[in-house]
Structure formats: C-alpha cells, structure tokens
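Pasting target-v3.txt here (compact mmCIF, C-alpha atoms):
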# COMPACT_ATOMS: atom_id res chain seq x y z
CA MET A 29 15.02 -38.68 -46.56
CA THR A 30 12.44 -36.71 -44.61
CA THR A 31 13.39 -34.35 -41.85
CA PRO A 32 11.49 -34.89 -38.57
CA GLN A 33 9.11 -32.07 -37.79
CA THR A 34 10.04 -29.79 -34.92
CA THR A 35 7.18 -29.02 -32.58
CA VAL A 36 6.71 -25.80 -30.63
CA ILE A 37 7.40 -27.67 -27.41
CA ASP A 38 10.69 -28.99 -28.77
CA THR A 39 11.69 -25.49 -29.81
CA LEU A 40 10.85 -24.05 -26.40
CA SER A 41 12.73 -26.81 -24.59
CA ARG A 42 15.87 -26.05 -26.60
CA HIS A 43 15.50 -22.29 -26.36
CA PRO A 44 14.32 -21.26 -22.86
CA ILE A 45 14.64 -17.61 -23.86
CA TYR A 46 11.41 -18.05 -25.85
CA ILE A 47 9.58 -18.69 -22.59
CA LEU A 48 10.70 -15.28 -21.38
CA PHE A 49 9.28 -13.76 -24.56
CA ILE A 50 5.95 -15.48 -23.84
CA PHE A 51 5.79 -14.00 -20.35
CA PHE A 52 6.73 -10.61 -21.75
CA PHE A 53 3.89 -10.88 -24.26
CA LEU A 54 1.42 -11.86 -21.54
CA TYR A 55 2.49 -8.95 -19.34
CA LYS A 56 2.44 -6.34 -22.11
CA ILE A 57 -0.58 -7.51 -24.12
CA VAL A 58 -2.83 -9.75 -22.02
CA VAL A 59 -2.60 -8.04 -18.64
CA PRO A 60 -3.43 -4.53 -19.94
CA LYS A 61 -6.61 -5.91 -21.48
CA ILE A 62 -7.98 -6.72 -18.03
CA ARG A 63 -7.39 -3.24 -16.69
CA GLN A 64 -10.61 -1.70 -15.51
CA GLU A 65 -10.95 1.78 -16.91
CA THR A 66 -13.01 4.07 -14.72
CA ASN A 67 -15.72 6.33 -16.08
CA ILE A 68 -15.88 8.70 -13.18
CA LYS A 69 -16.71 12.30 -13.94
CA LYS A 70 -15.11 15.09 -11.97
CA LEU A 71 -16.37 15.17 -8.39
CA LEU A 72 -15.93 17.90 -5.84
CA VAL A 73 -16.52 16.72 -2.29
CA SER A 74 -17.18 18.96 0.68
CA SER A 75 -14.58 18.48 3.41
CA ASN A 76 -17.25 19.18 6.01
CA ASP A 77 -19.98 16.65 5.30
CA LEU A 78 -18.22 14.51 2.65
CA GLU A 79 -21.28 14.66 0.40
CA PRO A 80 -20.54 15.07 -3.33
CA THR A 81 -21.61 18.18 -5.18
CA SER A 82 -22.06 17.83 -8.93
CA SER A 83 -24.23 19.28 -11.66
CA ASP A 84 -24.93 15.76 -12.84
CA ASN A 85 -27.54 14.31 -10.48
CA ASN A 86 -27.02 10.85 -11.95
CA ILE A 87 -23.59 10.65 -10.36
CA THR A 88 -23.55 9.22 -6.85
CA PHE A 89 -20.38 8.81 -4.86
CA PRO A 90 -21.25 7.78 -1.29
CA LYS A 91 -18.70 7.31 1.42
CA PRO A 92 -18.11 3.69 2.52
CA ASP A 93 -19.65 2.30 5.68
CA ASN A 94 -17.54 1.67 8.79
CA ILE A 95 -14.97 4.38 8.06
CA ASN A 96 -13.85 7.22 10.31
CA ILE A 97 -13.49 10.96 9.77
CA LEU A 98 -10.24 12.94 9.97
CA GLN A 99 -11.27 16.05 11.85
CA HIS A 100 -10.41 19.13 9.77
CA GLY A 101 -8.40 16.83 7.49
CA LYS A 102 -5.68 16.44 10.15
CA PHE A 103 -3.82 13.13 10.14
CA LEU A 104 -3.90 10.92 13.22
CA SER A 105 -1.02 11.10 15.67
CA ALA A 106 1.25 8.08 16.07
CA LEU A 107 -0.46 7.33 19.39
CA ASP A 108 -3.93 7.49 17.81
CA CYS A 109 -2.79 5.10 15.07
CA TRP A 110 -1.43 2.75 17.71
CA LYS A 111 -4.70 2.80 19.64
CA ALA A 112 -6.68 2.15 16.44
CA VAL A 113 -4.55 -0.88 15.57
CA GLN A 114 -4.98 -2.22 19.10
CA GLU A 115 -8.75 -1.75 19.13
CA LYS A 116 -9.31 -3.34 15.68
CA SER A 117 -12.86 -1.97 15.55
CA HIS A 118 -13.35 -2.85 11.87
CA VAL A 119 -10.70 -4.19 9.49
CA PHE A 120 -11.29 -4.15 5.72
CA GLU A 121 -9.82 -6.76 3.40
CA ASP A 122 -8.99 -3.93 0.96
CA ALA A 123 -9.54 -0.18 0.95
CA PRO A 124 -13.33 0.14 0.44
CA PRO A 125 -14.50 1.83 -2.77
CA GLY A 126 -16.08 5.26 -2.60
CA ASN A 127 -15.50 8.75 -1.27
CA LYS A 128 -12.42 8.91 0.95
CA SER A 129 -12.05 12.65 1.51
CA ASN A 130 -10.71 13.26 5.03
CA THR A 131 -11.24 9.69 6.22
CA TRP A 132 -9.33 6.85 7.86
CA PHE A 133 -9.89 3.13 8.37
CA LEU A 134 -8.08 -0.16 9.02
CA VAL A 135 -7.01 -2.58 6.28
CA THR A 136 -5.44 -6.02 6.57
CA ASN A 137 -1.73 -5.90 5.78
CA VAL A 138 -1.03 -9.65 5.72
CA ASP A 139 -0.20 -9.76 1.99
CA ASN A 140 2.42 -7.07 2.43
CA MET A 141 3.97 -9.00 5.31
CA SER A 142 4.39 -11.91 2.90
CA ARG A 143 5.73 -9.64 0.16
CA LYS A 144 8.29 -8.19 2.56
CA THR A 145 9.46 -11.70 3.47
CA ASN A 146 10.05 -12.31 -0.25
CA ASN A 147 11.86 -8.96 -0.68
CA LEU A 148 9.02 -7.47 -2.74
CA HIS A 149 7.61 -3.96 -2.58
CA SER A 150 4.43 -3.41 -0.57
CA LYS A 151 1.18 -2.63 -2.41
CA TYR A 152 -1.57 -0.37 -1.01
CA TYR A 153 -4.47 -0.77 -3.42
CA ASP A 154 -7.46 1.60 -3.59
CA ASP A 155 -9.79 3.02 -6.24
CA CYS A 156 -8.55 6.62 -6.13
CA GLY A 157 -6.54 6.54 -9.34
CA ILE A 158 -2.83 7.12 -9.89
CA TRP A 159 -0.66 7.96 -6.89
CA GLU A 160 2.57 9.90 -7.45
CA SER A 161 5.21 7.27 -6.71
CA SER A 162 8.04 9.77 -7.25
CA LYS A 163 6.72 11.76 -4.28
CA GLY A 164 6.18 8.73 -2.06
CA LYS A 165 8.08 8.77 1.23
CA ALA A 166 8.73 6.14 3.89
CA PHE A 167 9.13 7.12 7.54
CA HIS A 168 10.16 5.00 10.53
CA GLN A 169 10.07 5.98 14.19
CA ASP A 170 10.53 4.19 17.53
CA TYR A 171 8.24 4.82 20.52
CA LEU A 172 8.45 3.90 24.18
CA LEU A 173 5.23 2.31 25.41
CA SER A 174 6.24 2.50 29.06
CA ASP A 175 6.62 6.29 28.86
CA ASN A 176 3.31 7.40 27.32
CA PHE A 177 4.40 6.57 23.77
CA ARG A 178 7.43 8.81 23.98
CA THR A 179 9.48 9.33 20.81
CA ILE A 180 12.92 7.72 21.09
CA PHE A 181 15.91 7.32 18.78
CA LEU A 182 18.47 4.55 18.37
CA LYS A 183 21.95 6.08 18.32
CA ASN A 184 25.17 4.06 18.66
CA ASP A 185 23.17 1.02 19.78
CA GLN A 186 21.52 3.02 22.56
CA TYR A 187 17.99 4.37 22.76
CA CYS A 188 17.98 8.12 23.34
CA THR A 189 15.69 11.09 23.75
CA LYS A 190 16.23 14.21 21.65
CA VAL A 191 16.73 17.57 23.36
CA ARG A 192 17.66 21.07 22.23
CA GLN A 193 20.45 22.74 24.17
CA SER A 194 22.23 25.99 23.30
CA GLY A 195 20.78 25.85 19.80
CA LYS A 196 22.05 22.33 19.23
CA THR A 197 20.23 19.00 18.97
CA LEU A 198 21.51 16.42 21.43
CA PHE A 199 20.62 12.74 21.79
CA VAL A 200 20.69 11.74 25.44
CA PRO A 201 20.87 8.00 26.26
CA ILE A 202 17.99 6.72 28.37
CA THR A 203 19.03 5.36 31.77
CA PRO A 204 18.38 2.55 32.27
CA GLN A 205 17.94 1.38 28.70
CA PRO A 206 14.35 0.27 27.99
CA GLU A 207 13.41 -3.36 27.52
CA SER A 208 12.67 -4.44 23.95
CA THR A 209 9.17 -5.43 25.06
CA SER A 210 8.36 -1.77 25.73
CA ILE A 211 9.40 -0.50 22.28
CA VAL A 212 7.34 -0.38 19.09
CA THR A 213 8.39 0.89 15.68
CA MET A 214 6.00 2.83 13.47
CA HIS A 215 6.32 2.55 9.69
CA ARG A 216 4.52 5.07 7.52
CA TYR A 217 4.26 5.49 3.76
CA SER A 218 2.91 8.76 2.38
CA THR A 219 2.13 9.88 -1.16
CA VAL A 220 -0.09 12.29 -3.11
CA LEU A 221 -2.62 11.82 -5.91
CA LYS A 222 -0.97 12.49 -9.27
CA ASP A 223 -3.66 14.87 -10.54
CA ASN A 224 -4.36 16.46 -7.15
CA ASN A 225 -1.29 16.84 -4.95
CA SER A 226 -3.39 18.30 -2.14
CA PHE A 227 -5.04 14.90 -1.69
CA ILE A 228 -2.61 12.99 0.54
CA LYS A 229 -2.53 9.36 1.58
CA HIS A 230 -0.84 7.84 4.64
CA VAL A 231 -0.48 4.11 5.33
CA THR A 232 0.80 3.30 8.83
CA TRP A 233 1.64 0.02 10.54
CA PHE A 234 3.73 -1.11 13.52
CA ASN A 235 6.09 -3.89 14.46
CA SER A 236 7.78 -4.98 17.67
CA SER A 237 9.80 -7.80 19.21
CA PHE A 238 6.85 -9.01 21.30
CA ALA A 239 3.99 -9.28 18.76
CA ASN A 240 4.72 -10.98 15.44
CA ASP A 241 1.26 -10.26 14.05
CA LEU A 242 1.40 -6.53 14.81
CA PRO A 243 2.16 -5.53 11.17
CA SER A 244 -0.91 -7.47 9.96
CA ILE A 245 -3.13 -4.37 10.27
CA ALA A 246 -2.48 -0.99 8.65
CA VAL A 247 -4.12 2.40 9.11
CA TYR A 248 -5.12 4.08 5.84
CA GLU A 249 -5.63 7.87 6.02
CA TYR A 250 -6.77 10.26 3.29
CA SER A 251 -6.51 14.02 3.83
CA GLY A 252 -7.97 16.58 1.45
CA THR A 253 -10.82 16.86 -1.04
CA TYR A 254 -11.01 14.07 -3.58
CA SER A 255 -11.26 15.09 -7.24
CA LEU A 256 -10.80 12.68 -10.12
CA GLU A 257 -11.23 13.27 -13.85
CA ASN A 258 -11.83 10.18 -15.92
CA ALA A 259 -10.16 11.82 -18.94
CA THR A 260 -6.72 11.50 -17.40
CA ASN A 261 -7.06 8.83 -14.74
CA TYR A 262 -7.77 5.16 -14.36
CA VAL A 263 -7.87 2.68 -11.51
CA ARG A 264 -4.92 0.33 -11.53
CA THR A 265 -5.70 -3.37 -11.67
CA HIS A 266 -5.51 -4.97 -8.24
CA GLN A 267 -2.14 -6.60 -7.56
CA LYS A 268 -3.87 -9.86 -6.65
CA THR A 269 -5.50 -9.96 -10.10
CA LEU A 270 -2.17 -9.42 -11.86
CA GLU A 271 -0.50 -12.12 -9.78
CA LYS A 272 -3.36 -14.52 -10.48
CA VAL A 273 -3.02 -13.98 -14.25
CA VAL A 274 0.74 -14.61 -14.15
CA ASP A 275 0.32 -17.70 -11.94
CA GLU A 276 -2.36 -19.20 -14.20
CA CYS A 277 -0.32 -18.57 -17.35
CA ALA A 278 2.77 -20.09 -15.78
CA SER A 279 0.72 -23.08 -14.61
CA LYS A 280 -0.59 -23.69 -18.14
CA ILE A 281 2.90 -23.52 -19.65
CA ILE A 282 4.28 -25.94 -17.04
CA LYS A 283 1.33 -28.27 -17.58
CA ARG A 284 1.92 -28.18 -21.33
CA PHE A 285 5.56 -29.18 -20.85
CA SER A 286 4.57 -32.02 -18.52
CA TYR A 287 2.65 -33.68 -21.38
CA ARG A 288 5.68 -33.90 -23.65
Encoded form (structure tokens):
Amino acid sequence: MTTPQTTVIDTLSRHPIYILFIFFFLYKIVVPKIRQETNIKKLLVSSNDLEPTSSDNNITFPKPDNINILQHGKFLSALDCWKAVQEKSHVFEDAPPGNKSNTWFLVTNVDNMSRKTNNLHSKYYDDCGIWESSKGKAFHQDYLLSDNFRTIFLKNDQYCTKVRQSGKTLFVPITPQPESTSIVTMHRYSTVLKDNNSFIKHVTWFNSSFANDLPSIAVYEYSGTYSLENATNYVRTHQKTLEKVVDECASKIIKRFSYR
C-alpha cells in the first residue's frame, strides 16, 4: 500500500508555524539584500556657504533645491515652525538627498499619521546614515494662538502659565480658560547622527482640535556640519521599500494557498 505524498502546501496548512519561519527568512535574508550601501567618502561642509570641501574633486555633494538655511545653525523657534507649516511654501514627499548642513524644509507626514493610527512608530527617512536611536527624544508642548503663541501647560485639567516666585516654579491657571480652538500642540523628535553627535536632527509637527490635517506636514531641521564616512555608515532602506517587500511576499503566499 502506497502512502500519499505530502505536498509543501499540505505541510504548511497543518503547521502554521512554518509560515512564520518563512517570513523570518524573508526579513533576515531577502530584505538585507536590497539594502543600498552608500559609497560616500568623508565630506567636510562649511557651515557658512554649505559648499563641500574635499581633496577629491570628483566628489560632488550639492545642497538640494527649495530648502532653507538655519542661520548660524540655530534651530527654528516653535512659532517659526508653526508659521512654516501654515505657509506650506514647498513640501517634499521625502527628505531630499544631498547636503543638509544647517538647513530646514517641509516634508509630508501623512504616512506617519497612518502609522500612529495603527499604533506603529513614526519613521523619518533621509540619506544621512545611521541616527542614534538611543539618544532620540520626544517633546510635546501646548501653545496659545490667541496670546501670541504663548507657552501654556495643562495641570489638573486646567491650562496654566508658568511663573517663578520666591525661587519656586508655580503654575497659574489662566482665567478664563482658553477655548480648544485657540490651542495647538507641538510634537518634536530630536536625535543625533551616530558617527557625529554634533550633527542634530529635529522633526516637528503640530496637532489641534480644529484642524485634522495639521499633522500632515512636518518640519525637518538639521543643525551642524555633516560628515559621513562610508567605511562605517550606510543608508537604511526606505521604510516604504521594506513594507512593499513584505506585502508582496505575503501576497504571493496567500495566492499560493488559494490555489490548493
């Protein structure tokens, strides 16, 4: 009596754990193969004119078009970020490639809005190399639009101003309490480049109760002189590329099962 042959599909259907192994293999073996290694030699960029200086004349590293300069490498104030988001002079789909020393620009933040809805971490892609996630910090602050973008604090369900009195910090409730339509909240993520901690990145966006699309634009700021050595750095694969690979692999597996 012959024993019926067991196909791979039959095995997978009886042992779903194998599917997890397949995804693990794809993530550990296939995805790394699509990583784009950078071959960028060390660049030293002047903080004054942002033009690269290098002994190798074959290396060119121009700054992107439609970006703005951080004067003296000083980050924008919260009010300046707010004005930039309101003006929407030029919004990039992603951080543009190229020299970002002491610059700022606007980038669409729609994907991160979707990720937040699905309880996923935000992603702020650029071509600068590896950012030090262990030194990343998130900051949140409320501002009062009706009072010249005044900094306010929510304490015991009341919005307050902060004052110093007799060496102590006091939070004084605002009277009357401001309307929700006059309050915006700033969210800011900051981090440093792994191989150059003096090169700092800020990503800032806002939300409010009166404008649902307000978080759809973020302000990217880069302070300091950019220096990247290809011997120790690489550019991470774009999150959209990784998600596309996973989606396509999952689609093929599901399609294979549908033909059983």
Next item on the list: Choose the residue, out of A:Gly164, A:Gly101, A:Pro243, A:Pro206, that has the smallest atom-to-atom separation from Asn130 of chain A; count all atoms listed in the file.
Entry: A:Gly101
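Checking A:Ser210, A:Ser244, A:Ile158, A:Asp175 one by one against Ser142 of chain A, counting all atoms listed in the file, you find the shortest gap at A:Ser244.
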Item checked: Which residue of A:Phe234, A:Tyr152, A:Phe167, A:Tyr250 approaches Lys102 of chain A most closely, using only C-alpha atoms -> A:Tyr250
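The spacing separating atom CA of Thr145 of chain A from atom CA of Tyr248 of chain A amounts to 21.6 Å.
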Next item on the list: Kindly indicate which residue among A:His149, A:Arg192, A:His215, A:Lys163 lies nearest to Ile245 of chain A, using only C-alpha atoms for the distances.
Entry: A:His215
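The gap separating atom CA of Lys116 of chain A from atom CA of Asn146 of chain A is 26.6 Å, in Å to one decimal.
Among the candidates A:Val247, A:Gln186, A:Ser129, A:Pro92, the residue lying nearest to Ser105 of chain A is A:Val247 (atoms considered: all atoms listed in the file).
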Margin query: As an exercise, work out the distance from atom CA of Cys156 of chain A to atom CA of Thr253 of chain A in Å and give it to one decimal place.
Written below: 11.7 Å
Item checked: Among the residues A:Asp108, A:Asp170, A:Asp122, A:Glu115, the one that comes closest to Asn140 of chain A [using all atoms listed in the file] -> A:Asp122
Notebook entry, point to check: Any idea what's packed within 10 Å of Trp132 of chain A, counting all atoms listed in the file, ignoring anything in its chain fewer than 5 positions away? Could you give it as an NGL selection string?
Noted result: :A and (94-98 or 103-104 or 109 or 123 or 229-231 or 247-251)
